[in-house]
file protein_22.cif (mmCIF, C-alpha atoms)
data_coords
#
loop_
_atom_site.label_atom_id
_atom_site.label_comp_id
_atom_site.auth_asym_id
_atom_site.auth_seq_id
_atom_site.Cartn_x
_atom_site.Cartn_y
_atom_site.Cartn_z
CA MET A 18 24.38 -9.74 7.40
CA LYS A 19 26.51 -9.83 4.26
CA ASN A 20 28.16 -7.09 2.23
CA PRO A 21 27.91 -6.95 -1.60
CA GLU A 22 31.36 -8.50 -2.04
CA GLU A 23 30.36 -11.62 -0.08
CA ILE A 24 27.08 -11.88 -1.94
CA PHE A 25 28.92 -11.53 -5.23
CA GLU A 26 31.26 -14.39 -4.28
CA ILE A 27 28.34 -16.66 -3.33
CA LEU A 28 26.57 -15.93 -6.61
CA LYS A 29 29.74 -16.34 -8.65
CA ASP A 30 30.34 -19.78 -7.15
CA LYS A 31 26.77 -20.85 -7.82
CA PHE A 32 26.09 -19.35 -11.27
CA GLY A 33 29.49 -18.72 -12.87
CA GLU A 34 29.25 -16.92 -16.20
CA VAL A 35 25.75 -15.60 -15.53
CA ILE A 36 27.08 -13.21 -12.89
CA ILE A 37 29.06 -10.71 -14.91
CA GLU A 38 30.70 -8.16 -12.67
CA LEU A 39 30.64 -6.38 -9.32
CA PHE A 40 30.80 -2.60 -9.56
CA SER A 41 31.97 -1.14 -6.28
CA ASP A 42 33.96 1.89 -7.47
CA LYS A 43 30.86 4.01 -8.19
CA PRO A 44 29.82 6.89 -5.94
CA THR A 45 26.53 5.03 -5.46
CA GLU A 46 26.09 1.74 -3.65
CA SER A 47 27.82 -1.19 -5.35
CA PHE A 48 25.83 -3.36 -7.73
CA ILE A 49 26.16 -6.73 -9.41
CA SER A 50 25.71 -7.06 -13.15
CA VAL A 51 23.76 -10.16 -14.25
CA ALA A 52 22.81 -11.71 -17.60
CA PRO A 53 19.27 -10.54 -18.53
CA LEU A 54 17.76 -13.91 -19.40
CA GLU A 55 19.01 -15.63 -16.22
CA ILE A 56 18.01 -12.96 -13.71
CA ASP A 57 14.94 -14.95 -12.59
CA LYS A 58 17.05 -17.94 -11.48
CA VAL A 59 19.49 -15.67 -9.65
CA CYS A 60 16.65 -13.86 -7.92
CA LEU A 61 14.94 -17.08 -6.86
CA TYR A 62 18.23 -18.24 -5.35
CA LEU A 63 18.72 -14.92 -3.57
CA ARG A 64 15.24 -15.12 -2.11
CA ASP A 65 15.32 -18.71 -0.90
CA LYS A 66 18.96 -19.41 -0.01
CA GLU A 67 19.66 -19.72 3.69
CA GLY A 68 21.84 -16.79 4.76
CA LEU A 69 20.68 -14.49 1.95
CA ASN A 70 16.89 -14.35 2.49
CA PHE A 71 16.09 -11.46 0.15
CA LYS A 72 12.36 -11.61 0.83
CA SER A 73 11.69 -8.06 -0.29
CA LEU A 74 12.01 -6.37 -3.66
CA MET A 75 12.25 -2.71 -2.67
CA ASN A 76 12.34 -1.31 -6.18
CA LEU A 77 12.64 -2.31 -9.81
CA SER A 78 13.30 0.41 -12.33
CA GLY A 79 14.27 0.78 -15.96
CA ILE A 80 16.97 3.09 -17.26
CA ASP A 81 17.89 4.26 -20.72
CA ASP A 82 21.69 4.18 -20.80
CA ALA A 83 21.70 6.19 -24.06
CA ASN A 84 25.10 4.72 -24.90
CA GLY A 85 24.30 3.93 -28.53
CA GLU A 86 25.14 5.84 -31.66
CA LYS A 87 23.31 9.16 -31.99
CA ILE A 88 22.08 9.67 -35.55
CA LYS A 89 19.60 11.97 -37.30
CA ASP A 90 16.45 10.50 -38.75
CA GLU A 91 14.66 11.79 -41.87
CA ASN A 92 12.90 14.56 -39.88
CA ASP A 93 16.21 15.75 -38.40
CA ASN A 94 15.38 14.43 -34.94
CA GLU A 95 18.19 12.86 -32.98
CA ILE A 96 17.61 9.16 -32.36
CA ILE A 97 19.77 6.58 -30.66
CA GLN A 98 20.71 3.38 -32.42
CA GLY A 99 22.21 0.39 -30.64
CA GLY A 100 23.38 0.50 -27.05
CA THR A 101 21.51 -0.83 -24.07
CA LEU A 102 18.55 -0.40 -21.76
CA SER A 103 19.00 -1.49 -18.16
CA VAL A 104 16.89 -2.69 -15.28
CA PHE A 105 17.94 -2.25 -11.66
CA TYR A 106 16.71 -4.48 -8.84
CA HIS A 107 17.00 -3.27 -5.24
CA LEU A 108 16.63 -6.19 -2.88
CA GLU A 109 16.45 -6.19 0.88
CA SER A 110 16.48 -8.86 3.52
CA ILE A 111 14.46 -7.62 6.44
CA ASP A 112 15.50 -10.55 8.71
CA LEU A 113 19.22 -10.27 8.02
CA LYS A 114 19.32 -6.49 7.55
CA HIS A 115 21.32 -6.47 4.35
CA LYS A 116 20.69 -5.12 0.88
CA VAL A 117 21.95 -5.76 -2.62
CA THR A 118 21.49 -4.12 -6.01
CA LEU A 119 21.40 -6.06 -9.27
CA LYS A 120 21.65 -4.70 -12.77
CA VAL A 121 20.80 -6.28 -16.10
CA SER A 122 21.58 -4.64 -19.42
CA THR A 123 19.73 -5.62 -22.55
CA ASP A 124 19.86 -4.80 -26.21
CA ARG A 125 18.04 -1.55 -27.07
CA GLU A 126 16.63 -2.82 -30.36
CA ASN A 127 15.14 -5.96 -28.82
CA PRO A 128 15.07 -5.49 -25.03
CA GLU A 129 14.19 -8.78 -23.35
CA VAL A 130 14.60 -9.56 -19.66
CA ALA A 131 13.35 -12.56 -17.70
CA SER A 132 10.47 -11.60 -15.40
CA VAL A 133 10.80 -11.87 -11.62
CA GLU A 134 7.09 -11.38 -11.12
CA GLU A 135 6.64 -14.99 -9.97
CA ILE A 136 9.31 -14.48 -7.32
CA TRP A 137 8.12 -11.20 -5.79
CA ARG A 138 4.55 -10.15 -6.60
CA ALA A 139 5.69 -6.54 -6.13
CA ALA A 140 7.54 -6.88 -9.42
CA ASP A 141 4.27 -7.18 -11.35
CA TRP A 142 3.46 -3.46 -11.55
CA HIS A 143 7.11 -2.39 -11.50
CA GLU A 144 7.80 -4.44 -14.60
CA ARG A 145 4.70 -3.09 -16.27
CA GLU A 146 5.98 0.41 -15.55
CA ALA A 147 9.40 -0.36 -17.00
CA TYR A 148 7.65 -1.78 -20.04
CA ASP A 149 5.40 1.27 -20.30
CA MET A 150 8.20 3.83 -20.03
CA PHE A 151 11.09 2.05 -21.79
CA GLY A 152 9.57 -0.79 -23.80
CA ILE A 153 11.56 -3.45 -21.98
CA LYS A 154 9.85 -6.81 -22.54
CA PHE A 155 9.72 -9.04 -19.48
CA LEU A 156 9.49 -12.63 -20.63
CA ASN A 157 6.88 -14.81 -18.86
CA HIS A 158 5.12 -11.84 -17.28
CA HIS A 159 1.46 -12.82 -17.04
CA ASN A 160 -0.01 -9.44 -17.97
CA LEU A 161 2.56 -7.19 -19.61
CA ILE A 162 0.42 -4.19 -20.65
CA ARG A 163 0.85 -0.46 -20.16
CA ILE A 164 0.17 0.70 -16.61
CA LEU A 165 0.36 4.53 -16.63
CA MET A 166 -0.01 5.65 -20.24
CA PRO A 167 -3.33 4.97 -22.01
CA TYR A 168 -3.65 1.38 -23.19
CA ASP A 169 -3.95 2.48 -26.79
CA TRP A 170 -0.97 4.86 -26.66
CA GLU A 171 1.00 4.49 -29.87
CA GLY A 172 3.45 7.33 -29.35
CA GLY A 173 6.25 5.10 -28.13
CA TYR A 174 8.04 4.82 -24.80
CA PRO A 175 8.22 8.24 -23.14
CA LEU A 176 11.25 7.90 -20.88
CA ARG A 177 13.62 6.85 -23.65
CA LYS A 178 16.13 9.61 -24.25
CA ASP A 179 15.24 9.92 -27.95
CA TYR A 180 11.47 10.00 -27.36
CA GLN A 181 9.47 12.27 -29.65
CA ASN A 182 5.99 13.39 -28.70
CA PRO A 183 3.31 12.51 -31.23
CA GLU A 184 1.39 15.46 -32.73
CA PHE A 185 -2.04 14.20 -31.71
CA TYR A 186 -3.62 11.67 -29.40
CA LYS A 187 -7.27 10.92 -30.15
CA GLY A 188 -7.73 14.34 -31.73
CA MET A 189 -6.10 16.18 -28.79
CA LYS A 190 -3.01 18.16 -29.66
CA VAL A 191 -0.05 16.92 -27.64
CA PRO A 192 2.67 19.64 -27.92
CA TYR A 193 2.24 22.95 -26.14
CA MET B 27 -29.34 44.10 -10.44
CA GLY B 28 -32.79 45.32 -9.65
CA LEU B 29 -34.34 42.59 -7.58
CA LEU B 30 -34.61 44.04 -4.13
CA ASP B 31 -34.59 47.75 -4.85
CA LYS B 32 -37.85 47.45 -6.80
CA GLN B 33 -39.58 46.02 -3.80
CA PHE B 34 -43.02 47.44 -3.06
CA THR B 35 -43.92 48.55 0.38
CA ASP B 36 -46.02 45.43 0.44
CA ASP B 37 -43.42 42.80 1.27
CA ASN B 38 -44.85 40.02 -0.82
CA ILE B 39 -44.38 41.50 -4.30
CA ILE B 40 -41.18 41.93 -6.25
CA ILE B 41 -41.10 43.23 -9.80
CA THR B 42 -38.27 41.99 -11.94
CA LYS B 43 -37.49 40.52 -15.33
CA VAL B 44 -37.76 36.78 -15.97
CA GLU B 45 -34.19 36.82 -17.13
CA ASP B 46 -32.97 38.41 -13.95
CA LEU B 47 -34.96 36.01 -11.83
CA LEU B 48 -33.69 32.95 -13.68
CA ASN B 49 -30.14 34.19 -13.65
CA TRP B 50 -30.35 35.02 -9.99
CA ALA B 51 -31.70 31.56 -9.20
CA ARG B 52 -29.06 29.92 -11.36
CA LEU B 53 -26.10 31.79 -9.96
CA SER B 54 -27.22 31.38 -6.37
CA SER B 55 -27.26 27.60 -6.42
CA LEU B 56 -24.33 26.51 -8.49
CA TRP B 57 -24.10 22.85 -7.67
CA GLN B 58 -20.58 21.71 -8.15
CA MET B 59 -19.53 18.30 -9.35
CA GLY B 60 -17.70 16.40 -6.61
CA PHE B 61 -14.61 15.95 -8.71
CA GLY B 62 -10.95 16.57 -7.92
CA LEU B 63 -7.80 15.75 -9.82
CA ALA B 64 -4.60 16.78 -8.01
CA CYS B 65 -3.24 19.19 -5.40
CA CYS B 66 -5.71 21.89 -6.54
CA ALA B 67 -8.43 19.55 -5.32
CA ILE B 68 -7.04 19.90 -1.79
CA GLU B 69 -7.49 23.67 -2.02
CA MET B 70 -10.96 23.12 -3.48
CA MET B 71 -11.85 20.93 -0.52
CA ALA B 72 -10.48 23.59 1.82
CA THR B 73 -12.73 26.09 0.05
CA SER B 74 -15.69 23.81 0.64
CA ALA B 75 -14.88 23.40 4.31
CA SER B 76 -16.18 25.58 7.10
CA HIS B 77 -13.47 28.23 7.12
CA TYR B 78 -14.00 29.48 3.56
CA ASP B 79 -17.47 27.97 3.25
CA PHE B 80 -18.33 27.53 -0.44
CA ASP B 81 -21.87 26.80 0.68
CA ARG B 82 -22.57 30.47 1.43
CA PHE B 83 -22.51 31.00 -2.38
CA GLY B 84 -24.81 28.05 -2.90
CA VAL B 85 -22.06 25.71 -4.01
CA ILE B 86 -22.68 22.17 -2.86
CA PRO B 87 -20.75 19.16 -4.15
CA ARG B 88 -22.96 16.69 -5.99
CA PRO B 89 -22.01 13.07 -6.55
CA SER B 90 -23.31 12.89 -10.11
CA PRO B 91 -22.70 14.98 -13.24
CA ARG B 92 -26.44 14.81 -13.95
CA GLN B 93 -27.16 16.92 -10.87
CA SER B 94 -24.33 19.41 -11.37
CA ASP B 95 -24.24 22.92 -12.79
CA VAL B 96 -20.54 23.60 -12.59
CA ILE B 97 -17.46 21.43 -12.89
CA ILE B 98 -14.23 22.70 -11.35
CA ILE B 99 -11.27 21.18 -13.18
CA SER B 100 -8.99 21.15 -10.17
CA GLY B 101 -5.65 19.77 -11.24
CA THR B 102 -3.49 18.18 -13.91
CA VAL B 103 -5.45 16.84 -16.85
CA THR B 104 -3.71 13.82 -18.32
CA PHE B 105 -4.72 12.44 -21.71
CA LYS B 106 -6.23 9.46 -19.97
CA MET B 107 -8.33 11.76 -17.80
CA ALA B 108 -9.18 14.19 -20.61
CA ILE B 109 -11.35 11.58 -22.31
CA ARG B 110 -13.22 11.00 -19.06
CA ILE B 111 -13.58 14.72 -18.36
CA LYS B 112 -15.14 15.19 -21.77
CA ARG B 113 -17.63 12.44 -21.06
CA LEU B 114 -18.48 13.87 -17.62
CA TYR B 115 -18.97 17.30 -19.17
CA GLU B 116 -21.29 15.85 -21.80
CA GLN B 117 -23.30 14.12 -19.08
CA MET B 118 -24.01 17.42 -17.30
CA PRO B 119 -27.35 19.06 -18.10
CA ASP B 120 -27.45 22.53 -19.64
CA HIS B 121 -26.72 25.21 -18.49
CA LYS B 122 -23.32 23.97 -17.51
CA TYR B 123 -20.26 25.93 -16.51
CA VAL B 124 -16.58 25.12 -16.27
CA ILE B 125 -14.03 26.66 -13.93
CA SER B 126 -10.46 25.78 -14.82
CA MET B 127 -8.51 25.89 -11.57
CA GLY B 128 -4.74 26.20 -11.45
CA SER B 129 -1.91 26.37 -13.95
CA CYS B 130 -2.11 22.71 -14.99
CA SER B 131 -5.64 22.81 -16.27
CA ASN B 132 -5.20 26.36 -17.62
CA CYS B 133 -2.23 25.61 -19.84
CA GLY B 134 -0.35 22.49 -18.72
CA GLY B 135 1.51 24.29 -15.94
CA PRO B 136 4.92 22.81 -15.07
CA TYR B 137 4.29 19.99 -17.57
CA TRP B 138 4.05 22.36 -20.52
CA GLU B 139 7.22 21.16 -22.25
CA HIS B 140 8.27 17.72 -21.05
CA GLY B 141 4.92 16.41 -19.85
CA TYR B 142 4.36 13.68 -22.39
CA HIS B 143 1.18 12.63 -20.61
CA VAL B 144 -0.45 16.01 -19.87
CA LEU B 145 -3.05 17.84 -21.90
CA LYS B 146 -1.80 21.42 -22.27
CA GLY B 147 -4.95 23.09 -21.03
CA VAL B 148 -8.39 21.63 -20.44
CA ASP B 149 -9.82 24.12 -22.95
CA ARG B 150 -8.55 21.78 -25.66
CA VAL B 151 -11.40 19.39 -24.85
CA ILE B 152 -14.17 21.40 -23.16
CA PRO B 153 -15.11 25.11 -23.19
CA VAL B 154 -13.93 27.00 -20.10
CA ASP B 155 -15.80 29.93 -18.52
CA VAL B 156 -13.37 31.10 -15.87
CA TYR B 157 -9.65 30.50 -15.49
CA VAL B 158 -8.26 30.72 -11.97
CA PRO B 159 -4.48 31.22 -11.97
CA GLY B 160 -2.22 29.83 -9.26
CA CYS B 161 -0.27 26.73 -8.44
CA PRO B 162 -2.38 25.82 -6.61
CA PRO B 163 -4.67 28.86 -6.20
CA ARG B 164 -5.55 29.78 -2.65
CA PRO B 165 -9.18 29.33 -1.60
CA GLU B 166 -9.67 33.10 -1.90
CA ALA B 167 -8.63 32.89 -5.54
CA LEU B 168 -11.11 30.12 -6.21
CA LEU B 169 -13.84 32.14 -4.50
CA GLU B 170 -12.92 35.07 -6.73
CA GLY B 171 -13.22 32.77 -9.73
CA LEU B 172 -16.65 31.71 -8.59
CA LEU B 173 -17.72 35.34 -8.15
CA LYS B 174 -16.52 36.03 -11.69
CA LEU B 175 -18.60 33.12 -12.93
CA GLN B 176 -21.62 34.45 -11.06
CA GLU B 177 -21.03 37.82 -12.70
CA LYS B 178 -21.07 36.12 -16.10
CA ILE B 179 -24.27 34.25 -15.35
CA ARG B 180 -25.90 37.45 -14.10
CA ASN B 181 -25.49 38.95 -17.59
CA GLU B 182 -26.87 35.97 -19.49
CA THR B 183 -29.97 36.41 -21.61
CA LEU B 184 -32.71 33.96 -22.39
CA VAL B 185 -31.85 34.20 -26.07
CA SER B 186 -28.31 33.00 -25.87
CA LYS B 187 -26.00 31.50 -23.33
CA THR B 188 -23.00 33.74 -22.87
CA ALA B 189 -21.20 32.05 -20.00
#
call {"tool": "encode", "arguments": {"input": "protein_22.cif", "output": "structure tokens"}}
result
Amino acid sequence: MKNPEEIFEILKDKFGEVIIELFSDKPTESFISVAPLEIDKVCLYLRDKEGLNFKSLMNLSGIDDANGEKIKDENDNEIIQGGTLSVFYHLESIDLKHKVTLKVSTDRENPEVASVEEIWRAADWHEREAYDMFGIKFLNHHNLIRILMPYDWEGGYPLRKDYQNPEFYKGMKVPY
Amino acid sequence: MGLLDKQFTDDNIIITKVEDLLNWARLSSLWQMGFGLACCAIEMMATSASHYDFDRFGVIPRPSPRQSDVIIISGTVTFKMAIRIKRLYEQMPDHKYVISMGSCSNCGGPYWEHGYHVLKGVDRVIPVDVYVPGCPPRPEALLEGLLKLQEKIRNETLVSKTA
């Protein structure tokens, strides 16, 4: 059983620059910030390394940090430019009874994160959901299509903070 | 409605209008499409079960839209589902009736403002005969809705469908 500080040290020794920071001053559980395009290598190591054994991906979720610049577009709607979108990974080792949380932040205009779908099959649908709701592209995902919204939905990514509903979908009025 | 009170002393003859007879037959065996969407469907199933006993009004769930007279939209209608509901409705033979059950299918319910995925009322895709309010409505409320629908059917004419 290891605490997040020990896990952070192990990862820092192994991966160096890829592991960015440990946040342990938050009111939530502490999490480790990782570079978005290297997260698959880190995750594979966490799963297979003796003494870490993170065999289970409990959750994978996207978040809109909404930390960019808020500007008005031509229709006077507030949109966010720049800033980041994030993905959180909650891992658990059932054998060793310890948990860890990873975070990757990626550019809002071109959000690309390495897929961990090959490492935990549970990530398949979770990544599709994050793609569906936030438009985060998971590189090397074998089937990155919308999972909840209709496949032909063109209204954008609904959980982004600056999301605007389209007027119509297939002739059906969307707003109330 | 003039079926039984015009009975002759001879038990085998009843005088009535064709309209009344057809309407009576239609409203007494409203076969319901076996179709549920969300938590309202749980109440609908409770209504079908022995305690509330939908069957005493002639309502039996049917597994196919082609055998159904009434479709109860019991729950949240998402855009994805709305397309399918429209197709199911079109597959039902005339005369077909729609009961919209619960706030979600009446008007979008709790999703009315921020529900990016919810159709704000099933009446945007198919015509609704009876709206049953509630979130979800109790089985008594659904039974009341069915009685209202029966009342509508009772007043139909052969010339035009009113319900």
call {"tool": "interface_residues", "arguments": {"input": "protein_22.cif", "of": "chain B", "to": "chain A", "cutoff": "9 Å", "atoms": "all atoms listed in the file", "output": "MDAnalysis selection string"}}
result
chainID B and resid 105:106 108:109 133:134 138:139 141:147 150:151
call {"tool": "resolve_selection", "arguments": {"input": "protein_22.cif", "expression": "the PyMOL selection byres ((chain A and resi 116) around 10)", "output": "JSON, numbers by chain"}}
result
{"A": [18, 19, 20, 21, 24, 46, 69, 71, 73, 74, 75, 107, 108, 109, 110, 111, 113, 114, 115, 117, 118]}
call {"tool": "atom_distance", "arguments": {"input": "protein_22.cif", "atom1": "atom CA of B:Arg52", "atom2": "atom CA of B:Ile98"}}
result
16.5 Å
call {"tool": "closest_residue", "arguments": {"input": "protein_22.cif", "among": "B:Ile111, B:Val185, B:Ile179, B:Asp79", "to": "B:Asp149", "atoms": "all atoms listed in the file"}}
result
B:Ile111
call {"tool": "closest_residue", "arguments": {"input": "protein_22.cif", "among": "A:Phe25, A:Trp142, A:Phe151, A:Phe40", "to": "A:Asp82", "atoms": "only C-alpha atoms"}}
result
A:Phe151
call {"tool": "residues_around", "arguments": {"input": "protein_22.cif", "residues": "stretch 153-163 of chain A", "least_positions_apart": "2", "cutoff": "12 Å", "atoms": "only C-alpha atoms", "output": "number ranges by chain"}}
result
A: 53-57, 78-81, 101-104, 121-138, 140-151, 165-171, 173-177
call {"tool": "write_last_selection", "arguments": {"input": "protein_22.cif", "atoms": "C-alpha atoms", "output": "PDB file, keeping the file's coordinate frame"}}
result
ATOM      1  CA  PRO A  53      19.270 -10.540 -18.530  1.00  0.00           C
ATOM      2  CA  LEU A  54      17.760 -13.910 -19.400  1.00  0.00           C
ATOM      3  CA  GLU A  55      19.010 -15.630 -16.220  1.00  0.00           C
ATOM      4  CA  ILE A  56      18.010 -12.960 -13.710  1.00  0.00           C
ATOM      5  CA  ASP A  57      14.940 -14.950 -12.590  1.00  0.00           C
ATOM      6  CA  SER A  78      13.300   0.410 -12.330  1.00  0.00           C
ATOM      7  CA  GLY A  79      14.270   0.780 -15.960  1.00  0.00           C
ATOM      8  CA  ILE A  80      16.970   3.090 -17.260  1.00  0.00           C
ATOM      9  CA  ASP A  81      17.890   4.260 -20.720  1.00  0.00           C
ATOM     10  CA  THR A 101      21.510  -0.830 -24.070  1.00  0.00           C
ATOM     11  CA  LEU A 102      18.550  -0.400 -21.760  1.00  0.00           C
ATOM     12  CA  SER A 103      19.000  -1.490 -18.160  1.00  0.00           C
ATOM     13  CA  VAL A 104      16.890  -2.690 -15.280  1.00  0.00           C
ATOM     14  CA  VAL A 121      20.800  -6.280 -16.100  1.00  0.00           C
ATOM     15  CA  SER A 122      21.580  -4.640 -19.420  1.00  0.00           C
ATOM     16  CA  THR A 123      19.730  -5.620 -22.550  1.00  0.00           C
ATOM     17  CA  ASP A 124      19.860  -4.800 -26.210  1.00  0.00           C
ATOM     18  CA  ARG A 125      18.040  -1.550 -27.070  1.00  0.00           C
ATOM     19  CA  GLU A 126      16.630  -2.820 -30.360  1.00  0.00           C
ATOM     20  CA  ASN A 127      15.140  -5.960 -28.820  1.00  0.00           C
ATOM     21  CA  PRO A 128      15.070  -5.490 -25.030  1.00  0.00           C
ATOM     22  CA  GLU A 129      14.190  -8.780 -23.350  1.00  0.00           C
ATOM     23  CA  VAL A 130      14.600  -9.560 -19.660  1.00  0.00           C
ATOM     24  CA  ALA A 131      13.350 -12.560 -17.700  1.00  0.00           C
ATOM     25  CA  SER A 132      10.470 -11.600 -15.400  1.00  0.00           C
ATOM     26  CA  VAL A 133      10.800 -11.870 -11.620  1.00  0.00           C
ATOM     27  CA  GLU A 134       7.090 -11.380 -11.120  1.00  0.00           C
ATOM     28  CA  GLU A 135       6.640 -14.990  -9.970  1.00  0.00           C
ATOM     29  CA  ILE A 136       9.310 -14.480  -7.320  1.00  0.00           C
ATOM     30  CA  TRP A 137       8.120 -11.200  -5.790  1.00  0.00           C
ATOM     31  CA  ARG A 138       4.550 -10.150  -6.600  1.00  0.00           C
ATOM     32  CA  ALA A 140       7.540  -6.880  -9.420  1.00  0.00           C
ATOM     33  CA  ASP A 141       4.270  -7.180 -11.350  1.00  0.00           C
ATOM     34  CA  TRP A 142       3.460  -3.460 -11.550  1.00  0.00           C
ATOM     35  CA  HIS A 143       7.110  -2.390 -11.500  1.00  0.00           C
ATOM     36  CA  GLU A 144       7.800  -4.440 -14.600  1.00  0.00           C
ATOM     37  CA  ARG A 145       4.700  -3.090 -16.270  1.00  0.00           C
ATOM     38  CA  GLU A 146       5.980   0.410 -15.550  1.00  0.00           C
ATOM     39  CA  ALA A 147       9.400  -0.360 -17.000  1.00  0.00           C
ATOM     40  CA  TYR A 148       7.650  -1.780 -20.040  1.00  0.00           C
ATOM     41  CA  ASP A 149       5.400   1.270 -20.300  1.00  0.00           C
ATOM     42  CA  MET A 150       8.200   3.830 -20.030  1.00  0.00           C
ATOM     43  CA  PHE A 151      11.090   2.050 -21.790  1.00  0.00           C
ATOM     44  CA  LEU A 165       0.360   4.530 -16.630  1.00  0.00           C
ATOM     45  CA  MET A 166      -0.010   5.650 -20.240  1.00  0.00           C
ATOM     46  CA  PRO A 167      -3.330   4.970 -22.010  1.00  0.00           C
ATOM     47  CA  TYR A 168      -3.650   1.380 -23.190  1.00  0.00           C
ATOM     48  CA  ASP A 169      -3.950   2.480 -26.790  1.00  0.00           C
ATOM     49  CA  TRP A 170      -0.970   4.860 -26.660  1.00  0.00           C
ATOM     50  CA  GLU A 171       1.000   4.490 -29.870  1.00  0.00           C
ATOM     51  CA  GLY A 173       6.250   5.100 -28.130  1.00  0.00           C
ATOM     52  CA  TYR A 174       8.040   4.820 -24.800  1.00  0.00           C
ATOM     53  CA  PRO A 175       8.220   8.240 -23.140  1.00  0.00           C
ATOM     54  CA  LEU A 176      11.250   7.900 -20.880  1.00  0.00           C
ATOM     55  CA  ARG A 177      13.620   6.850 -23.650  1.00  0.00           C
TER      56      ARG A 177
END
call {"tool": "resolve_selection", "arguments": {"input": "protein_22.cif", "expression": "the PyMOL selection byres ((chain B and resi 48) around 12)", "output": "PyMOL selection string"}}
result
chain B and resi 29+42-47+49-55+121+179-184
call {"tool": "residues_near_point", "arguments": {"input": "protein_22.cif", "point": "(23.9, -6.3, -12.7)", "cutoff": "7 Å", "atoms": "all atoms listed in the file", "output": "list in words"}}
result
Phe48, Ile49, Ser50, Val51, Leu119, Lys120 and Val121 of chain A
call {"tool": "resolve_selection", "arguments": {"input": "protein_22.cif", "expression": "the PyMOL selection byres ((chain B and resi 132) around 12)", "output": "ChimeraX atom specification"}}
result
/A:193 /B:66,98-103,124-131,133-138,144-163
call {"tool": "atom_distance", "arguments": {"input": "protein_22.cif", "atom1": "atom CA of B:Ile86", "atom2": "atom CA of B:Ile41"}}
result
28.8 Å
call {"tool": "atom_distance", "arguments": {"input": "protein_22.cif", "atom1": "atom CA of A:Phe32", "atom2": "atom CA of A:Asn76"}}
result
23.2 Å
